[in-house]
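Student: Here you go, one structure.
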Amino acid sequence: MKMEAKRKDGKRARKIAYTLTGILLGCLFLFPIYILVLNSFKNTKGIFTDVIGFPDASTFTSENYPNAFEALDYIRSFGNSLWITVISTLLILLISSMAAWVLVRYKTKTSKFIFLLFAAAMLIPFQCVMLPLVGFASRIHLMNPAGLVFMYMGFGTSMAIVMFHGFIKNIPEELEEAATIDGCNSVQLFFIIVIPLMRTILVTVAVLNVMWIWNDYLLPSLIINKVGWQTLPLKTYLFFGQFAKRWDLASSGLIMCMIPIVIFYLFCQKYIVKGITDGAIK
Amino acid sequence: MKKSKWRFWLFLLPAFISFAVVVLIPMLIGFFYAFTDWNGIVGSGIDFVGVRNFIDIFTRDDSFLHAFGFTASFSICAVILVNLVGFLLALLVTQQFKGATLLRGIFFMPNLIGGLLLGFTWQFIFVSIFEALSKSTGWSFLSGWLSNPETGFIGLLILTVWQLSGYMMIVYIAQIQQIPESVKEAARIDGANGWEMLKGIILPLMMPAFTIGLFLSISNSFKMFDQNLALTQGGPYKSTEMLALNIYNSAFGANEFGFAQAKAIVFMILVAAIGVTQLVITKKKEVEM
């Protein structure tokens, strides 16, 4: 009996220790965000005199958000980021799944070589192709949002093909053979039989691509040169150049840029975690 | 089944064309540019200069070598810390207590926010908050952050640990959950305490995940750009400039596109060497298991 009680006490003590450590670490991780939110409600004087404390009557302001909203041209930059991310991701999924399917099903030398080419390209860092790409992009009229989408397709397809390839390999071919005998043509075969089987891996690859493209700064900064076309990361960077040391606007601007991705996370948490795990192990 | 050749090419071409235009062709042109004095300005001539750019990396301009040293020591520290913290977080949140799931979400969240936003956020913390804390506590080491190479280095390190350890945590959680409950139960019956359990059972079974975590964090920190640009911009005086930023500045700061391209090729060889080492080690591990 005594042993049992002791064990229970130990268990409870451990639980309390875990909880306390958890709370402490959680606060530490949230601290930067907390500080940003706090200062986004202060005027410049408030940030200058007391950056850690709560805003009081003389330092509180709710003007920062509307001002930053305007300075960031938020609706337009958000819209640009959104459509570029969505369209690029959908196109990457489409062209890569098509390519991966034939690369698995055709066991020729050409097929093997092309797959190897896609896989090897994953090792090429962006810096290595960035200068020549920018050099000739202007000549073939790719310096615009449509060109940017096309580039995301080119850069995204390697990783997507490798992941799809690994998945399709494990789908038995008999189903496709049966459908062919029933009179399916190639296009029907792919969209009616193969695509539905790939649901889980499509979601995984979609999540990884959305997170990459939404947050990407360098490529758009090299390709987009017109004010109305800027994406959110691009606008944020320029915003910082323009309002250096204006932390009242900067803190609220940063919070507004973080909100969409946090909402995306809250809604797709399960898929994001799965995407990360699968993506890491591949 | 009849497999026509045209179907193969029809399905392959959209991906292959975009890949060729965006990656393959620039890559090949890049090899050529690395041996020229290309300055990136439209209309000015391009002359072949042989291997001069590659020699210059080691003689004329030592900024690349400095950036390599900084990147290498940063990567080593980051890899150790990120994986250690990530593993400890994973151990914590896989225990059963209230709020463990919420904590997982909190630890992982910094990962989703782009490097640029993170860089600016931490710039605010290091410059404004640390300064204020230094004034109120009298601790001088909190003053003047990011204004010298040492605090720039540590600042980048703190940012990276904050951002990536949640990612590693997710990788490690997946592995911890694969350890069968029966194995742990058996050890408990044999009277193993927490430390013995960790050393004898959990750590050995975690090895595959450690390999993944190790190389994910190496390639992540070695290729870092956004965070570097937003937090320190390589300053003061290029002392915290990492490789990717160094290449960028060579091209767009100094207009030496040919020289920058030569640096980029050396950079690629370094990255590829890491990648191939990863492949070899992972394959070796798989055979052993």
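If you're wondering about the labels, chains in the structure tokens are A, B, ... by order shown, residues count from 1 in each chain, ligands from 1 in order shown.
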Determine which residues of region 115-182 of chain B DSSP labels as helix (DSSP H, G or I) from the backbone of this structure, then write them out as a PyMOL selection string.
Tutor: chain B and resi 115-137+140-142+149-176+181-182
Student: Put those residues in a file: C-alpha atoms, as a PDB file, in the first residue's frame.
Tutor:
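The result, written out as part-v9.pdb:
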```pdb
ATOM      1  CA  GLY B 115      12.754  34.058 -42.297  1.00  0.00           C
ATOM      2  CA  LEU B 116      12.375  37.708 -43.218  1.00  0.00           C
ATOM      3  CA  LEU B 117       9.665  38.407 -40.643  1.00  0.00           C
ATOM      4  CA  LEU B 118      11.605  36.462 -38.008  1.00  0.00           C
ATOM      5  CA  GLY B 119      14.760  38.424 -38.737  1.00  0.00           C
ATOM      6  CA  PHE B 120      13.013  41.770 -38.317  1.00  0.00           C
ATOM      7  CA  THR B 121      11.204  40.597 -35.177  1.00  0.00           C
ATOM      8  CA  TRP B 122      14.429  39.521 -33.483  1.00  0.00           C
ATOM      9  CA  GLN B 123      16.188  42.674 -34.606  1.00  0.00           C
ATOM     10  CA  PHE B 124      13.614  44.527 -32.512  1.00  0.00           C
ATOM     11  CA  ILE B 125      14.147  42.188 -29.543  1.00  0.00           C
ATOM     12  CA  PHE B 126      17.947  42.393 -29.622  1.00  0.00           C
ATOM     13  CA  VAL B 127      18.231  46.100 -30.276  1.00  0.00           C
ATOM     14  CA  SER B 128      15.320  47.620 -28.335  1.00  0.00           C
ATOM     15  CA  ILE B 129      14.284  45.078 -25.706  1.00  0.00           C
ATOM     16  CA  PHE B 130      17.791  43.938 -24.743  1.00  0.00           C
ATOM     17  CA  GLU B 131      18.886  47.565 -24.467  1.00  0.00           C
ATOM     18  CA  ALA B 132      15.954  48.364 -22.180  1.00  0.00           C
ATOM     19  CA  LEU B 133      16.627  45.264 -20.069  1.00  0.00           C
ATOM     20  CA  SER B 134      20.264  46.252 -19.819  1.00  0.00           C
ATOM     21  CA  LYS B 135      19.308  49.692 -18.522  1.00  0.00           C
ATOM     22  CA  SER B 136      16.876  48.368 -15.916  1.00  0.00           C
ATOM     23  CA  THR B 137      19.065  45.491 -14.684  1.00  0.00           C
ATOM     24  CA  SER B 140      26.081  45.411 -19.634  1.00  0.00           C
ATOM     25  CA  PHE B 141      26.210  42.257 -21.772  1.00  0.00           C
ATOM     26  CA  LEU B 142      22.658  43.005 -22.930  1.00  0.00           C
ATOM     27  CA  PRO B 149      30.403  40.281 -34.725  1.00  0.00           C
ATOM     28  CA  GLU B 150      30.008  38.283 -31.491  1.00  0.00           C
ATOM     29  CA  THR B 151      26.471  39.393 -30.684  1.00  0.00           C
ATOM     30  CA  GLY B 152      25.593  39.136 -34.374  1.00  0.00           C
ATOM     31  CA  PHE B 153      26.710  35.513 -34.319  1.00  0.00           C
ATOM     32  CA  ILE B 154      24.854  34.690 -31.101  1.00  0.00           C
ATOM     33  CA  GLY B 155      21.820  36.618 -32.298  1.00  0.00           C
ATOM     34  CA  LEU B 156      21.611  34.571 -35.493  1.00  0.00           C
ATOM     35  CA  LEU B 157      22.063  31.449 -33.397  1.00  0.00           C
ATOM     36  CA  ILE B 158      19.219  32.345 -31.016  1.00  0.00           C
ATOM     37  CA  LEU B 159      16.921  33.128 -33.951  1.00  0.00           C
ATOM     38  CA  THR B 160      17.779  29.816 -35.630  1.00  0.00           C
ATOM     39  CA  VAL B 161      17.235  27.763 -32.485  1.00  0.00           C
ATOM     40  CA  TRP B 162      13.924  29.526 -31.928  1.00  0.00           C
ATOM     41  CA  GLN B 163      12.858  28.830 -35.506  1.00  0.00           C
ATOM     42  CA  LEU B 164      14.155  25.337 -36.217  1.00  0.00           C
ATOM     43  CA  SER B 165      14.020  23.417 -32.944  1.00  0.00           C
ATOM     44  CA  GLY B 166      10.234  23.065 -33.255  1.00  0.00           C
ATOM     45  CA  TYR B 167      10.738  21.531 -36.694  1.00  0.00           C
ATOM     46  CA  MET B 168      13.239  19.006 -35.308  1.00  0.00           C
ATOM     47  CA  MET B 169      10.842  18.356 -32.448  1.00  0.00           C
ATOM     48  CA  ILE B 170       8.196  17.217 -34.970  1.00  0.00           C
ATOM     49  CA  VAL B 171      10.721  14.877 -36.630  1.00  0.00           C
ATOM     50  CA  TYR B 172      11.741  13.427 -33.242  1.00  0.00           C
ATOM     51  CA  ILE B 173       8.176  13.051 -31.982  1.00  0.00           C
ATOM     52  CA  ALA B 174       7.405  10.882 -35.001  1.00  0.00           C
ATOM     53  CA  GLN B 175      10.316   8.603 -34.082  1.00  0.00           C
ATOM     54  CA  ILE B 176       9.569   8.503 -30.324  1.00  0.00           C
ATOM     55  CA  GLU B 181       5.069   0.702 -25.646  1.00  0.00           C
ATOM     56  CA  SER B 182       5.850  -2.956 -24.799  1.00  0.00           C
TER      57      SER B 182
END
```
Student: Show me, as a PDB file with C-alpha atoms, in the first residue's frame, every residue of chain A with an atom at most 6 Å from chain B, counting only C-alpha atoms.
Tutor:
```pdb
ATOM      1  CA  ILE A  95       2.618  18.870 -63.815  1.00  0.00           C
ATOM      2  CA  SER A  96       4.692  16.948 -61.250  1.00  0.00           C
ATOM      3  CA  MET A  98       1.714  13.770 -64.398  1.00  0.00           C
ATOM      4  CA  ALA A  99       5.453  13.532 -64.890  1.00  0.00           C
ATOM      5  CA  VAL A 102       4.882   8.241 -66.474  1.00  0.00           C
ATOM      6  CA  LEU A 123      21.096  19.573 -54.615  1.00  0.00           C
ATOM      7  CA  GLN A 127      22.184  31.034 -55.740  1.00  0.00           C
ATOM      8  CA  CYS A 128      23.710  28.938 -58.483  1.00  0.00           C
ATOM      9  CA  VAL A 129      20.989  29.569 -61.068  1.00  0.00           C
ATOM     10  CA  PRO A 132      21.749  33.569 -65.300  1.00  0.00           C
ATOM     11  CA  LEU A 133      18.005  33.174 -64.736  1.00  0.00           C
ATOM     12  CA  MET A 151       9.647  29.848 -62.168  1.00  0.00           C
ATOM     13  CA  GLY A 154      10.414  24.908 -62.481  1.00  0.00           C
ATOM     14  CA  ASN A 215       7.286  33.046 -47.352  1.00  0.00           C
ATOM     15  CA  THR A 277       7.230  14.641 -41.064  1.00  0.00           C
TER      16      THR A 277
END
```
Student: Can you pull out every residue within 9 Å of Asp47 (chain B), counting only C-alpha atoms, but drop anything in the same chain fewer than 5 positions away, and send it as an mmCIF file with C-alpha atoms, in the first residue's frame?
Tutor:
```cif
data_model
loop_
_atom_site.group_PDB
_atom_site.id
_atom_site.type_symbol
_atom_site.label_atom_id
_atom_site.label_comp_id
_atom_site.auth_asym_id
_atom_site.auth_seq_id
_atom_site.Cartn_x
_atom_site.Cartn_y
_atom_site.Cartn_z
ATOM 1 C CA PHE B 35 34.629 32.093 -66.527
ATOM 2 C CA THR B 36 33.774 35.615 -67.738
ATOM 3 C CA ASP B 37 33.854 39.204 -66.486
ATOM 4 C CA TRP B 38 30.054 39.567 -66.880
#
```
Student: Enter the distance from CA of Ala90 (chain B) to CA of Leu24 (chain A), in Å, rounded to one decimal.
Tutor: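 Between CA of Ala90 (chain B) and CA of Leu24 (chain A) the gap works out to 15.4 Å.
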Student: Might you pull out every residue within 6 Å of region 58-61 of chain A, with only C-alpha atoms counted and same-chain residues fewer than 6 positions away left off, and present them as a list of chain:residue names?
Tutor: A:Phe41, A:Lys42, A:Asn43, A:Gly46
Student: When you draw a straight line from CA of Leu249 (chain A) to CA of Thr231 (chain A), how long is it in Å?
Tutor: 18.4 Å
Student: Extract, using only C-alpha atoms, all DNA, RNA and protein residues at most 12 Å from Glu70 (chain A), discarding same-chain residues fewer than 2 positions from it, and format them as a ChimeraX atom specification.
Tutor: /A:63-68,72-77,235,239,249,252-253,256
Student: A:Leu90, A:Val194, A:Ala179, A:Leu131: which is nearest Gly156 (chain A), counting only C-alpha atoms?
Tutor: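 Closest candidate: A:Leu90.
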Student: Can you work out which one of A:Ser158, A:Ile171, A:Val227, A:Tyr106 has the shortest atom-to-atom distance to Trp6 (chain B), counting only C-alpha atoms?
Tutor: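 Answer, going by the shortest atom-to-atom distance: A:Tyr106.
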Student: Which of these residues is nearest to Phe240 (chain A), using only C-alpha atoms: B:Thr240, B:Val85, B:Glu196, B:Leu231?
Tutor: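 Going through B:Thr240, B:Val85, B:Glu196, B:Leu231 one by one, the smallest distance to Phe240 (chain A) is for B:Leu231.
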Student: Near region 81-84 of chain A, counting only C-alpha atoms, which residues have an atom at most 6 Å away, once you skip same-chain residues fewer than 3 positions from it, shown as number ranges by chain?
Tutor: A: 78, 87-88, 231-232
